[in-house]
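Visitor: Here you go, this is run-v3.pdb (PDB, C-alpha atoms).
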```pdb
ATOM      1  CA  MET D1278     -12.299 -20.008  -5.832
ATOM      2  CA  ALA D1279      -9.176 -20.994  -7.671
ATOM      3  CA  ASN D1280      -6.114 -19.087  -6.569
ATOM      4  CA  GLU D1281      -5.039 -18.281 -10.115
ATOM      5  CA  ASP D1282      -8.288 -16.352 -10.711
ATOM      6  CA  THR D1283      -7.579 -13.869  -7.932
ATOM      7  CA  SER D1284      -3.978 -13.536  -8.969
ATOM      8  CA  ALA D1285      -4.920 -13.056 -12.626
ATOM      9  CA  TYR D1286      -7.550 -10.475 -11.726
ATOM     10  CA  TRP D1287      -5.122  -8.449  -9.654
ATOM     11  CA  ARG D1288      -2.536  -8.665 -12.418
ATOM     12  CA  LYS D1289      -5.153  -7.360 -14.838
ATOM     13  CA  LEU D1290      -6.268  -4.549 -12.511
ATOM     14  CA  LEU D1291      -2.713  -3.455 -11.831
ATOM     15  CA  LYS D1292      -1.584  -4.027 -15.433
ATOM     16  CA  LEU D1293       1.333  -6.060 -14.146
ATOM     17  CA  ASP D1294       1.860  -7.938 -17.376
ATOM     18  CA  GLU D1295       1.963  -4.821 -19.513
ATOM     19  CA  GLU D1296       5.305  -3.403 -20.492
ATOM     20  CA  GLU D1297       6.393  -0.419 -18.418
ATOM     21  CA  LYS D1298       7.443   2.791 -20.032
ATOM     22  CA  GLU D1299      10.444   4.428 -18.418
ATOM     23  CA  ASP D1300       8.571   7.752 -18.814
ATOM     24  CA  ILE D1301       6.627   7.310 -15.604
ATOM     25  CA  LEU D1302       9.709   8.170 -13.561
ATOM     26  CA  LYS D1303      10.075  11.502 -15.358
ATOM     27  CA  GLN D1304       7.028  12.847 -13.524
ATOM     28  CA  PHE D1305       9.083  12.776 -10.322
ATOM     29  CA  GLU D1306      11.787  15.021 -11.741
ATOM     30  CA  TYR D1307      10.584  18.383 -10.537
ATOM     31  CA  PRO D1308      12.439  21.550 -11.466
ATOM     32  CA  HIS D1309      12.868  22.251  -7.726
ATOM     33  CA  ARG D1310      15.300  19.360  -7.538
ATOM     34  CA  PHE D1311      18.344  21.546  -8.055
ATOM     35  CA  LEU D1312      17.827  22.568  -4.398
ATOM     36  CA  ARG D1313      18.073  18.970  -3.248
ATOM     37  CA  PRO D1314      21.744  18.942  -2.145
ATOM     38  CA  LEU D1315      21.148  22.058  -0.027
ATOM     39  CA  LEU D1316      17.996  20.593   1.489
ATOM     40  CA  TYR D1317      19.762  17.309   2.248
ATOM     41  CA  LEU D1318      22.505  19.236   4.016
ATOM     42  CA  ILE D1319      20.039  21.215   6.158
ATOM     43  CA  PHE D1320      17.683  18.301   6.818
ATOM     44  CA  GLY D1321      20.578  15.937   7.490
ATOM     45  CA  LEU D1322      21.923  18.306  10.111
ATOM     46  CA  PHE D1323      18.443  18.882  11.519
ATOM     47  CA  SER D1324      17.874  15.118  11.809
ATOM     48  CA  ARG D1325      21.114  14.527  13.673
ATOM     49  CA  THR D1326      20.854  17.475  16.068
ATOM     50  CA  TYR D1327      17.175  18.343  16.588
ATOM     51  CA  PHE D1328      15.829  14.767  16.263
ATOM     52  CA  LYS D1329      19.023  12.998  17.366
ATOM     53  CA  LEU D1330      18.178  10.508  14.637
ATOM     54  CA  ARG D1331      19.725   7.059  14.958
ATOM     55  CA  ALA D1332      19.289   4.167  12.548
ATOM     56  CA  PHE D1333      19.595   0.460  13.336
ATOM     57  CA  GLY D1334      19.848  -2.391  10.837
ATOM     58  CA  VAL D1335      20.408  -0.253   7.745
ATOM     59  CA  GLU D1336      22.567  -3.112   6.465
ATOM     60  CA  ASN D1337      19.325  -5.120   6.107
ATOM     61  CA  VAL D1338      18.162  -2.890   3.275
ATOM     62  CA  PRO D1339      19.082  -4.601  -0.013
ATOM     63  CA  GLU D1340      21.662  -2.742  -2.027
ATOM     64  CA  LYS D1341      19.752  -3.159  -5.231
ATOM     65  CA  PRO D1342      16.061  -2.444  -5.686
ATOM     66  CA  PRO D1343      13.297  -3.376  -6.405
ATOM     67  CA  TYR D1344      11.877  -3.748  -2.923
ATOM     68  CA  ILE D1345       9.251  -2.210  -0.681
ATOM     69  CA  ILE D1346      10.194  -0.181   2.387
ATOM     70  CA  ALA D1347       7.289  -0.605   4.795
ATOM     71  CA  PRO D1348       7.348   1.495   7.964
ATOM     72  CA  ASN D1349       4.707   2.178  10.623
ATOM     73  CA  HIS D1350       3.133   5.614  10.321
ATOM     74  CA  VAL D1351       2.487   7.915  13.258
ATOM     75  CA  SER D1352       3.781  11.293  12.130
ATOM     76  CA  ALA D1353       4.381  13.524   9.123
ATOM     77  CA  ALA D1354       8.086  13.280  10.040
ATOM     78  CA  ASP D1355       8.250   9.496   9.437
ATOM     79  CA  TYR D1356       9.314   9.570   5.800
ATOM     80  CA  HIS D1357      11.929  12.192   6.560
ATOM     81  CA  CYS D1358      13.410  10.069   9.368
ATOM     82  CA  VAL D1359      13.439   6.859   7.330
ATOM     83  CA  ALA D1360      14.924   8.551   4.277
ATOM     84  CA  PHE D1361      17.624  10.309   6.290
ATOM     85  CA  SER D1362      18.574   7.008   7.905
ATOM     86  CA  LEU D1363      19.437   5.594   4.501
ATOM     87  CA  PRO D1364      22.596   6.036   2.433
ATOM     88  CA  LYS D1365      22.389   8.488  -0.448
ATOM     89  CA  GLU D1366      22.490   5.764  -3.132
ATOM     90  CA  ILE D1367      19.487   3.983  -1.623
ATOM     91  CA  LYS D1368      17.598   7.243  -1.127
ATOM     92  CA  LYS D1369      18.170   8.106  -4.783
ATOM     93  CA  ASN D1370      16.231   5.035  -5.880
ATOM     94  CA  LEU D1371      13.475   5.342  -3.288
ATOM     95  CA  TYR D1372      10.069   6.548  -4.424
ATOM     96  CA  VAL D1373       7.247   7.560  -2.145
ATOM     97  CA  LEU D1374       3.529   7.860  -2.696
ATOM     98  CA  VAL D1375       2.263  11.049  -1.076
ATOM     99  CA  THR D1376      -1.382  11.769  -0.361
ATOM    100  CA  LYS D1377      -2.806  14.804  -2.106
ATOM    101  CA  VAL D1378      -3.312  16.618   1.228
ATOM    102  CA  PHE D1379       0.449  17.010   1.665
ATOM    103  CA  TYR D1380       1.376  17.097  -1.997
ATOM    104  CA  ASP D1381      -1.029  19.931  -2.831
ATOM    105  CA  ASN D1382      -0.121  22.007   0.215
ATOM    106  CA  PRO D1383       2.274  24.716  -1.044
ATOM    107  CA  PHE D1384       4.539  24.459   2.021
ATOM    108  CA  THR D1385       4.799  20.688   2.472
ATOM    109  CA  GLY D1386       4.500  20.141  -1.285
ATOM    110  CA  PHE D1387       7.587  22.239  -1.916
ATOM    111  CA  PHE D1388       9.752  20.231   0.482
ATOM    112  CA  ILE D1389       8.317  16.936  -0.762
ATOM    113  CA  LYS D1390       9.112  17.811  -4.364
ATOM    114  CA  VAL D1391      12.613  18.996  -3.559
ATOM    115  CA  GLY D1392      13.520  16.241  -1.151
ATOM    116  CA  ALA D1393      11.757  13.120  -2.388
ATOM    117  CA  ASN D1394      10.874  11.198  -5.512
ATOM    118  CA  ALA D1395       7.213  11.721  -4.763
ATOM    119  CA  ALA D1396       4.087  10.667  -6.629
ATOM    120  CA  ARG D1397       0.775  12.315  -5.795
ATOM    121  CA  ILE D1398      -1.953   9.845  -4.958
ATOM    122  CA  ASP D1399      -5.458   9.806  -3.589
ATOM    123  CA  THR D1400      -5.807   6.579  -1.656
ATOM    124  CA  VAL D1401      -9.474   7.147  -0.878
ATOM    125  CA  GLU D1402     -10.763   7.803  -4.382
ATOM    126  CA  ASP D1403      -8.007   6.286  -6.480
ATOM    127  CA  PHE D1404      -6.934   3.116  -4.768
ATOM    128  CA  PHE D1405      -6.198   1.130  -7.926
ATOM    129  CA  PRO D1406      -4.345   3.934  -9.736
ATOM    130  CA  ALA D1407      -2.228   4.406  -6.585
ATOM    131  CA  MET D1408      -1.441   0.697  -6.530
ATOM    132  CA  ARG D1409      -0.570   0.865 -10.234
ATOM    133  CA  VAL D1410       1.883   3.724  -9.670
ATOM    134  CA  ALA D1411       3.633   1.691  -6.971
ATOM    135  CA  ALA D1412       3.657  -1.374  -9.225
ATOM    136  CA  SER D1413       5.093   0.587 -12.141
ATOM    137  CA  ILE D1414       7.913   1.968 -10.012
ATOM    138  CA  LEU D1415       8.775  -1.512  -8.739
ATOM    139  CA  LYS D1416       8.622  -2.953 -12.246
ATOM    140  CA  LEU D1417      11.148  -0.315 -13.302
ATOM    141  CA  GLY D1418      13.531  -1.662 -10.694
ATOM    142  CA  LYS D1419      13.161   1.039  -8.041
ATOM    143  CA  ALA D1420      12.226   0.913  -4.369
ATOM    144  CA  VAL D1421       8.865   2.098  -3.084
ATOM    145  CA  TYR D1422       8.033   3.473   0.355
ATOM    146  CA  ILE D1423       4.591   2.251   1.406
ATOM    147  CA  ASN D1424       2.906   2.667   4.767
ATOM    148  CA  PRO D1425       1.115  -0.658   5.219
ATOM    149  CA  GLU D1426      -1.394   0.915   7.627
ATOM    150  CA  GLY D1427      -2.598   3.053   4.731
ATOM    151  CA  THR D1428      -2.815   6.158   6.884
ATOM    152  CA  ARG D1429      -1.312   7.812   9.956
ATOM    153  CA  SER D1430      -2.131   6.376  13.345
ATOM    154  CA  GLU D1431      -3.569   9.105  15.534
ATOM    155  CA  THR D1432      -2.965   7.156  18.734
ATOM    156  CA  GLY D1433       0.614   6.119  18.044
ATOM    157  CA  LYS D1434      -0.442   2.468  18.084
ATOM    158  CA  LEU D1435       0.117   0.160  15.147
ATOM    159  CA  MET D1436      -3.140  -0.125  13.196
ATOM    160  CA  PRO D1437      -4.346  -3.075  11.109
ATOM    161  CA  PHE D1438      -2.464  -3.386   7.837
ATOM    162  CA  LYS D1439      -3.972  -3.030   4.379
ATOM    163  CA  VAL D1440      -3.278  -5.973   2.156
ATOM    164  CA  GLY D1441      -2.265  -3.985  -0.910
ATOM    165  CA  VAL D1442       1.380  -4.235   0.109
ATOM    166  CA  GLY D1443       1.041  -8.048   0.151
ATOM    167  CA  VAL D1444      -0.544  -8.085  -3.297
ATOM    168  CA  LEU D1445       2.253  -5.968  -4.781
ATOM    169  CA  ALA D1446       5.040  -7.946  -3.124
ATOM    170  CA  VAL D1447       3.700 -11.387  -4.032
ATOM    171  CA  GLU D1448       2.633 -10.568  -7.579
ATOM    172  CA  LEU D1449       5.880  -8.772  -8.396
ATOM    173  CA  GLY D1450       8.111 -11.026  -6.307
ATOM    174  CA  VAL D1451       9.766  -8.121  -4.520
ATOM    175  CA  PRO D1452      10.963  -8.303  -0.905
ATOM    176  CA  ILE D1453       9.497  -6.120   1.824
ATOM    177  CA  VAL D1454      11.780  -4.413   4.326
ATOM    178  CA  PRO D1455       9.955  -3.977   7.653
ATOM    179  CA  VAL D1456      10.720  -0.675   9.368
ATOM    180  CA  TYR D1457       9.764   0.729  12.754
ATOM    181  CA  VAL D1458      10.043   4.456  13.415
ATOM    182  CA  ASP D1459      10.163   5.262  17.118
ATOM    183  CA  GLY D1460       9.854   8.702  18.643
ATOM    184  CA  THR D1461       8.176  10.744  15.926
ATOM    185  CA  PHE D1462       4.752  10.391  17.524
ATOM    186  CA  GLU D1463       5.925  12.280  20.591
ATOM    187  CA  LEU D1464       7.725  14.907  18.526
ATOM    188  CA  LEU D1465       5.261  15.573  15.737
ATOM    189  CA  PRO D1466       1.888  13.821  16.136
ATOM    190  CA  THR D1467      -1.092  14.419  13.852
ATOM    191  CA  GLY D1468      -2.382  17.941  14.389
ATOM    192  CA  SER D1469       0.979  19.443  15.353
ATOM    193  CA  VAL D1470       2.695  21.851  13.019
ATOM    194  CA  PHE D1471       6.098  22.360  14.633
ATOM    195  CA  PRO D1472       8.158  19.371  15.747
ATOM    196  CA  LYS D1473       9.543  19.218  19.259
ATOM    197  CA  PRO D1474      13.206  18.349  19.753
ATOM    198  CA  GLY D1475      13.878  14.801  20.909
ATOM    199  CA  LYS D1476      15.071  11.355  19.987
ATOM    200  CA  VAL D1477      14.052   9.338  16.948
ATOM    201  CA  ASN D1478      15.230   5.792  16.320
ATOM    202  CA  VAL D1479      14.583   3.969  13.067
ATOM    203  CA  PHE D1480      14.840   0.176  12.947
ATOM    204  CA  PHE D1481      15.212  -1.722   9.681
ATOM    205  CA  GLY D1482      14.395  -5.443   9.787
ATOM    206  CA  LYS D1483      15.571  -8.234   7.507
ATOM    207  CA  PRO D1484      13.744  -8.246   4.175
ATOM    208  CA  ILE D1485      10.830 -10.644   3.822
ATOM    209  CA  SER D1486      11.500 -12.682   0.708
ATOM    210  CA  MET D1487       8.543 -13.565  -1.512
ATOM    211  CA  GLU D1488       9.947 -16.857  -2.823
ATOM    212  CA  GLU D1489       8.165 -18.960  -0.220
ATOM    213  CA  TYR D1490       4.889 -17.111  -0.738
ATOM    214  CA  GLN D1491       5.053 -17.354  -4.497
ATOM    215  CA  GLU D1492       5.457 -21.118  -4.114
ATOM    216  CA  LYS D1493       2.509 -21.186  -1.727
ATOM    217  CA  LYS D1494       0.396 -19.295  -4.217
ATOM    218  CA  LYS D1495       0.691 -22.222  -6.617
ATOM    219  CA  THR D1496      -1.313 -24.426  -4.263
ATOM    220  CA  GLU D1497      -3.160 -22.107  -1.898
ATOM    221  CA  SER D1498      -5.640 -19.288  -2.312
ATOM    222  CA  ALA D1499      -3.851 -16.128  -3.419
ATOM    223  CA  TYR D1500      -6.134 -14.155  -1.116
ATOM    224  CA  TYR D1501      -4.780 -15.976   1.943
ATOM    225  CA  VAL D1502      -1.201 -15.734   0.704
ATOM    226  CA  TYR D1503      -1.501 -11.945   0.376
ATOM    227  CA  LYS D1504      -2.964 -11.823   3.873
ATOM    228  CA  GLU D1505      -0.235 -14.051   5.252
ATOM    229  CA  VAL D1506       2.468 -11.783   3.845
ATOM    230  CA  THR D1507       0.762  -8.752   5.364
ATOM    231  CA  GLU D1508       0.434 -10.488   8.742
ATOM    232  CA  GLU D1509       4.097 -11.535   8.639
ATOM    233  CA  LEU D1510       5.077  -7.939   7.906
ATOM    234  CA  ARG D1511       3.005  -6.708  10.856
ATOM    235  CA  LYS D1512       4.602  -9.331  13.098
ATOM    236  CA  ARG D1513       8.104  -8.242  12.024
ATOM    237  CA  ILE D1514       7.308  -4.580  12.636
ATOM    238  CA  LEU D1515       5.995  -5.450  16.102
ATOM    239  CA  GLU D1516       9.281  -7.274  16.779
ATOM    240  CA  LEU D1517      11.162  -4.129  15.800
ATOM    241  CA  ARG D1518       8.883  -2.145  18.104
ATOM    242  CA  GLU D1519       9.969  -4.426  20.965
ATOM    243  CA  LYS D1520      13.597  -3.595  20.172
ATOM    244  CA  ALA D1521      12.688   0.087  20.206
ATOM    245  CA  GLN D1522      10.994  -0.264  23.574
ATOM    246  CA  GLU D1523      14.029  -2.096  24.975
ATOM    247  CA  LEU D1524      16.220   0.784  23.897
ATOM    248  CA  ARG D1525      13.927   3.308  25.595
ATOM    249  CA  LYS D1526      14.378   1.613  28.994
TER     250      LYS D1526
ATOM    251  CA  MET U 788     -32.949 -12.184 -14.212
ATOM    252  CA  GLU U 789     -34.006 -14.000 -11.048
ATOM    253  CA  ASN U 790     -31.520 -16.726 -11.863
ATOM    254  CA  LEU U 791     -28.806 -14.163 -12.366
ATOM    255  CA  GLU U 792     -29.461 -12.741  -8.922
ATOM    256  CA  LYS U 793     -29.340 -16.218  -7.390
ATOM    257  CA  ASP U 794     -26.133 -17.050  -9.206
ATOM    258  CA  ILE U 795     -24.462 -13.843  -8.068
ATOM    259  CA  LYS U 796     -25.528 -14.460  -4.493
ATOM    260  CA  LYS U 797     -24.129 -17.991  -4.720
ATOM    261  CA  ILE U 798     -20.785 -16.719  -5.997
ATOM    262  CA  VAL U 799     -20.585 -14.005  -3.342
ATOM    263  CA  SER U 800     -21.478 -16.521  -0.636
ATOM    264  CA  LYS U 801     -18.796 -18.918  -1.846
ATOM    265  CA  VAL U 802     -16.110 -16.244  -1.934
ATOM    266  CA  ILE U 803     -16.859 -14.643   1.418
ATOM    267  CA  LYS U 804     -17.631 -18.012   3.018
ATOM    268  CA  ILE U 805     -20.939 -16.881   4.502
ATOM    269  CA  PRO U 806     -24.107 -18.964   3.862
ATOM    270  CA  GLU U 807     -26.440 -17.452   1.268
ATOM    271  CA  GLU U 808     -29.320 -17.156   3.731
ATOM    272  CA  LYS U 809     -27.224 -14.922   5.937
ATOM    273  CA  ILE U 810     -26.499 -12.406   3.196
ATOM    274  CA  ALA U 811     -29.276  -9.826   3.255
ATOM    275  CA  PRO U 812     -29.436  -7.968  -0.080
ATOM    276  CA  ASP U 813     -29.016  -4.607   1.629
ATOM    277  CA  ALA U 814     -26.515  -5.632   4.279
ATOM    278  CA  ASN U 815     -23.238  -3.773   4.059
ATOM    279  CA  LEU U 816     -20.704  -6.407   3.074
ATOM    280  CA  PHE U 817     -17.843  -4.596   4.739
ATOM    281  CA  TYR U 818     -19.401  -3.351   7.974
ATOM    282  CA  ASP U 819     -22.165  -5.901   8.575
ATOM    283  CA  LEU U 820     -20.553  -9.025   7.183
ATOM    284  CA  GLY U 821     -16.899  -8.271   7.865
ATOM    285  CA  VAL U 822     -15.691  -8.548   4.274
ATOM    286  CA  ASP U 823     -12.333  -6.845   3.776
ATOM    287  CA  SER U 824     -11.463  -4.844   0.693
ATOM    288  CA  LEU U 825      -9.256  -7.613  -0.659
ATOM    289  CA  LEU U 826     -12.118 -10.061  -0.459
ATOM    290  CA  GLY U 827     -14.195  -7.438  -2.250
ATOM    291  CA  VAL U 828     -11.769  -7.641  -5.168
ATOM    292  CA  GLU U 829     -11.932 -11.425  -4.946
ATOM    293  CA  ILE U 830     -15.710 -11.252  -5.468
ATOM    294  CA  PHE U 831     -15.159  -9.345  -8.688
ATOM    295  CA  ALA U 832     -12.444 -11.765  -9.751
ATOM    296  CA  ALA U 833     -15.013 -14.583  -9.448
ATOM    297  CA  LEU U 834     -17.708 -12.595 -11.250
ATOM    298  CA  ASP U 835     -15.248 -11.617 -13.970
ATOM    299  CA  LYS U 836     -14.471 -15.291 -14.530
ATOM    300  CA  LYS U 837     -18.130 -16.319 -14.560
ATOM    301  CA  TYR U 838     -19.539 -13.540 -16.772
ATOM    302  CA  ASN U 839     -16.431 -12.320 -18.544
ATOM    303  CA  ILE U 840     -17.370  -8.683 -18.040
ATOM    304  CA  ASP U 841     -15.262  -5.621 -17.508
ATOM    305  CA  VAL U 842     -16.404  -3.741 -14.437
ATOM    306  CA  PRO U 843     -14.877  -0.270 -14.198
ATOM    307  CA  GLU U 844     -12.534  -0.201 -11.206
ATOM    308  CA  GLU U 845     -14.006   3.007  -9.806
ATOM    309  CA  ARG U 846     -17.328   1.175  -9.530
ATOM    310  CA  ILE U 847     -15.707  -1.742  -7.707
ATOM    311  CA  ARG U 848     -14.587   0.649  -4.985
ATOM    312  CA  LYS U 849     -18.116   1.971  -4.528
ATOM    313  CA  ILE U 850     -20.072  -1.234  -3.984
ATOM    314  CA  SER U 851     -21.158  -2.016  -0.462
ATOM    315  CA  THR U 852     -24.126  -4.400  -0.669
ATOM    316  CA  LEU U 853     -25.152  -7.496  -2.583
ATOM    317  CA  ASN U 854     -27.789  -5.384  -4.336
ATOM    318  CA  ASP U 855     -25.037  -3.029  -5.524
ATOM    319  CA  ILE U 856     -23.158  -5.976  -7.009
ATOM    320  CA  ILE U 857     -26.267  -7.330  -8.715
ATOM    321  CA  SER U 858     -27.086  -3.914 -10.253
ATOM    322  CA  LEU U 859     -23.509  -3.519 -11.404
ATOM    323  CA  ILE U 860     -23.392  -6.920 -13.068
ATOM    324  CA  LYS U 861     -26.792  -6.393 -14.700
ATOM    325  CA  GLU U 862     -25.623  -3.044 -16.029
ATOM    326  CA  ALA U 863     -22.387  -4.539 -17.339
ATOM    327  CA  LEU U 864     -24.209  -7.426 -19.033
ATOM    328  CA  GLU U 865     -26.773  -5.090 -20.599
ATOM    329  CA  GLY U 866     -23.971  -2.850 -21.791
ATOM    330  CA  GLU U 867     -22.273  -5.802 -23.454
ATOM    331  CA  GLN U 868     -25.538  -6.897 -25.114
ATOM    332  CA  LYS U 869     -26.086  -3.408 -26.512
ATOM    333  CA  GLY U 870     -22.504  -3.291 -27.695
ATOM    334  CA  SER U 871     -22.682  -6.599 -29.537
TER     335      SER U 871
END
```
Could you spell out this file's structure in structure tokens?

Guide:
Amino acid sequence: MANEDTSAYWRKLLKLDEEEKEDILKQFEYPHRFLRPLLYLIFGLFSRTYFKLRAFGVENVPEKPPYIIAPNHVSAADYHCVAFSLPKEIKKNLYVLVTKVFYDNPFTGFFIKVGANAARIDTVEDFFPAMRVAASILKLGKAVYINPEGTRSETGKLMPFKVGVGVLAVELGVPIVPVYVDGTFELLPTGSVFPKPGKVNVFFGKPISMEEYQEKKKTESAYYVYKEVTEELRKRILELREKAQELRK
Amino acid sequence: MENLEKDIKKIVSKVIKIPEEKIAPDANLFYDLGVDSLLGVEIFAALDKKYNIDVPEERIRKISTLNDIISLIKEALEGEQKGS
């Protein structure tokens, strides 16, 4: 099948060629946000003392969005640790898609709404709408936090990646920043409510540019290009994991 | 209608790169034939091009067998005929 058919179909499904209305970002402006500076102060302190959070390679994160931040996912604390590894200016332009389980929970939902630019999604039932939200945010020149595994790993091991991240990056021409979060699985795995104290290290890799892949898409099947991007991202995250393991020794 | 079914099977076979004779109508494309969700979208991209039909995206997510795809396309084509 011709590569342009797949690409065109995805563009149609995700409405990539339609003009974006700035309004979509307004839905992330919750009234709770006036508490954000206080929460950042408390969480920032918590991250540095309780989690002994350290960040490596933050300079790899582009100063100006749009781009995708793509970390592994082993714990409910992952977003917190990635976000608190980033400078305030970057965090301000970072949007995260949160599954309804956390978003609708009064306790976690409160902190999510105060602390993050969060959009509620249902990845099981509403895959395409969720992809469209991410696409809209990127089209408006912001950064999006996407877990390429699609869900939390219950074993702590890196799971196969979903290709949606590749579709978004290639079709919108936005770079992907690979990220590896190390330590959160031991401190707050799935099923735990209270985090244990310990060490968390977050590694940011060099962004994966889409220029080469967009060129490839002109001659090769878009399907394989999306997959290639996703595989490259997984490879880069595994490289970061090696760095993390070195540091643990 | 028989031709339509054959044509759809041919398109699906071409996209997923599995010979037509190995695609049982009730086989689960994802679990039995190893099709990933992206390839699932690719099938609909090919069918969209061939029949120029709009398949609701929530239905795309629910298909699992060749028979599901055939029913969906038939429904979409009938809907278009009624509409015209």

Visitor: Would you list which chain U residues are within 12 Å of chain D using only C-alpha atoms, as a VMD selection string?

Guide: chain U and resid 798 to 804 823 to 837 839 to 849

Visitor: Work out how far atom CA of D:Leu1291 is from atom CA of U:Ile795, in Å to one decimal.

Guide: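 If I compute the distance from atom CA of U:Ile795 to atom CA of D:Leu1291, I get 24.4 Å.
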
Visitor: Could you jot down the atom CA of D:Ser1413 to atom CA of D:Ala1396 separation for me, Å, one decimal place?

Guide: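 About the pair atom CA of D:Ser1413 and atom CA of D:Ala1396: they are 11.5 Å apart.
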
Visitor: Excluding U:Asp813 and any residue of its chain fewer than 5 positions from it, enumerate the residues within 10 Å of it, using all atoms listed in the file, and give them as a PyMOL selection string.

Guide: chain U and resi 819+851-855

Visitor: One decimal, in Å: what's the spacing between atom CA of D:Leu1363 and atom CA of D:Val1335?

Guide: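 According to the coordinates, atom CA of D:Leu1363 and atom CA of D:Val1335 are separated by 6.8 Å.
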
Visitor: Excluding same-chain residues fewer than 2 positions from D:Val1421, what lies within 8 Å of it counting all atoms listed in the file, as a PyMOL selection string?

Guide: chain D and resi 1343-1346+1371-1374+1411+1414-1415+1419+1423

Visitor: Excluding U:Asn790 and any residue of its chain fewer than 4 positions from it, enumerate the residues within 12 Å of it, using only C-alpha atoms, and give them as a VMD selection string.

Guide: chain U and resid 794 to 797 857 861

Visitor: Could the residues in this selection be saved with C-alpha atoms as a compact mmCIF listing (two decimals), keeping the file's coordinate frame?

Guide:
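Saved as again_6.txt:
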```
# COMPACT_ATOMS: atom_id res chain seq x y z
CA ASP U 794 -26.13 -17.05 -9.21
CA ILE U 795 -24.46 -13.84 -8.07
CA LYS U 796 -25.53 -14.46 -4.49
CA LYS U 797 -24.13 -17.99 -4.72
CA ILE U 857 -26.27 -7.33 -8.72
CA LYS U 861 -26.79 -6.39 -14.70
```

Visitor: Could you tell me which residues the PyMOL selection byres ((chain D and resi 1312-1326) around 12) returns for this structure, as a PyMOL selection string?

Guide: chain D and resi 1306-1311+1327-1332+1354-1365+1368-1369+1387-1394+1461+1472-1479

Visitor: Which residues fall under the PyMOL selection byres ((chain U and resi 820) around 10) in this file, as a PyMOL selection string?

Guide: chain U and resi 803+805+809-811+814-819+821-823+852

Visitor: Save out the residues we just selected, C-alpha atoms, as a CSV table (one decimal), in the coordinates of the input.

Guide:
```
chain,number,residue,atom,x,y,z
U,803,ILE,CA,-16.9,-14.6,1.4
U,805,ILE,CA,-20.9,-16.9,4.5
U,809,LYS,CA,-27.2,-14.9,5.9
U,810,ILE,CA,-26.5,-12.4,3.2
U,811,ALA,CA,-29.3,-9.8,3.3
U,814,ALA,CA,-26.5,-5.6,4.3
U,815,ASN,CA,-23.2,-3.8,4.1
U,816,LEU,CA,-20.7,-6.4,3.1
U,817,PHE,CA,-17.8,-4.6,4.7
U,818,TYR,CA,-19.4,-3.4,8.0
U,819,ASP,CA,-22.2,-5.9,8.6
U,821,GLY,CA,-16.9,-8.3,7.9
U,822,VAL,CA,-15.7,-8.5,4.3
U,823,ASP,CA,-12.3,-6.8,3.8
U,852,THR,CA,-24.1,-4.4,-0.7
```

Visitor: Going by the chain IDs and residue numbers used in this file, which residues fall under the PyMOL selection byres ((chain D and resi 1470) around 12)? Write them as a list of chain:residue names.

Guide: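 Output of the PyMOL selection byres ((chain D and resi 1470) around 12): D:Ser1352, D:Ala1353, D:Ala1354, D:Phe1384, D:Thr1385, D:Leu1464, D:Leu1465, D:Pro1466, D:Thr1467, D:Gly1468, D:Ser1469, D:Phe1471, D:Pro1472, D:Lys1473.
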
Visitor: Using the partial input, fill out stretch 840-850 of chain U with N, CA and C atoms; write the result as an mmCIF file, in the frame of the given file.

Guide:
```cif
data_model
loop_
_atom_site.group_PDB
_atom_site.id
_atom_site.type_symbol
_atom_site.label_atom_id
_atom_site.label_comp_id
_atom_site.auth_asym_id
_atom_site.auth_seq_id
_atom_site.Cartn_x
_atom_site.Cartn_y
_atom_site.Cartn_z
ATOM 1 N N ILE U 840 -16.972 -10.083 -17.845
ATOM 2 C CA ILE U 840 -17.370 -8.683 -18.040
ATOM 3 C C ILE U 840 -16.292 -7.773 -17.459
ATOM 4 N N ASP U 841 -16.216 -6.590 -18.032
ATOM 5 C CA ASP U 841 -15.262 -5.621 -17.508
ATOM 6 C C ASP U 841 -16.003 -4.624 -16.624
ATOM 7 N N VAL U 842 -15.769 -4.695 -15.346
ATOM 8 C CA VAL U 842 -16.404 -3.741 -14.437
ATOM 9 C C VAL U 842 -15.411 -2.612 -14.174
ATOM 10 N N PRO U 843 -15.826 -1.371 -14.435
ATOM 11 C CA PRO U 843 -14.877 -0.270 -14.198
ATOM 12 C C PRO U 843 -14.399 -0.272 -12.745
ATOM 13 N N GLU U 844 -13.096 -0.078 -12.556
ATOM 14 C CA GLU U 844 -12.534 -0.201 -11.206
ATOM 15 C C GLU U 844 -13.088 0.818 -10.214
ATOM 16 N N GLU U 845 -13.469 2.004 -10.737
ATOM 17 C CA GLU U 845 -14.006 3.007 -9.806
ATOM 18 C C GLU U 845 -15.355 2.550 -9.247
ATOM 19 N N ARG U 846 -16.050 1.699 -10.027
ATOM 20 C CA ARG U 846 -17.328 1.175 -9.530
ATOM 21 C C ARG U 846 -17.083 0.090 -8.480
ATOM 22 N N ILE U 847 -16.019 -0.677 -8.671
ATOM 23 C CA ILE U 847 -15.707 -1.742 -7.707
ATOM 24 C C ILE U 847 -15.537 -1.149 -6.320
ATOM 25 N N ARG U 848 -14.872 0.016 -6.273
ATOM 26 C CA ARG U 848 -14.587 0.649 -4.985
ATOM 27 C C ARG U 848 -15.852 1.164 -4.304
ATOM 28 N N LYS U 849 -16.925 1.338 -5.102
ATOM 29 C CA LYS U 849 -18.116 1.971 -4.528
ATOM 30 C C LYS U 849 -19.181 0.984 -4.074
ATOM 31 N N ILE U 850 -19.015 -0.278 -4.384
ATOM 32 C CA ILE U 850 -20.072 -1.234 -3.984
ATOM 33 C C ILE U 850 -20.000 -1.487 -2.474
#
```
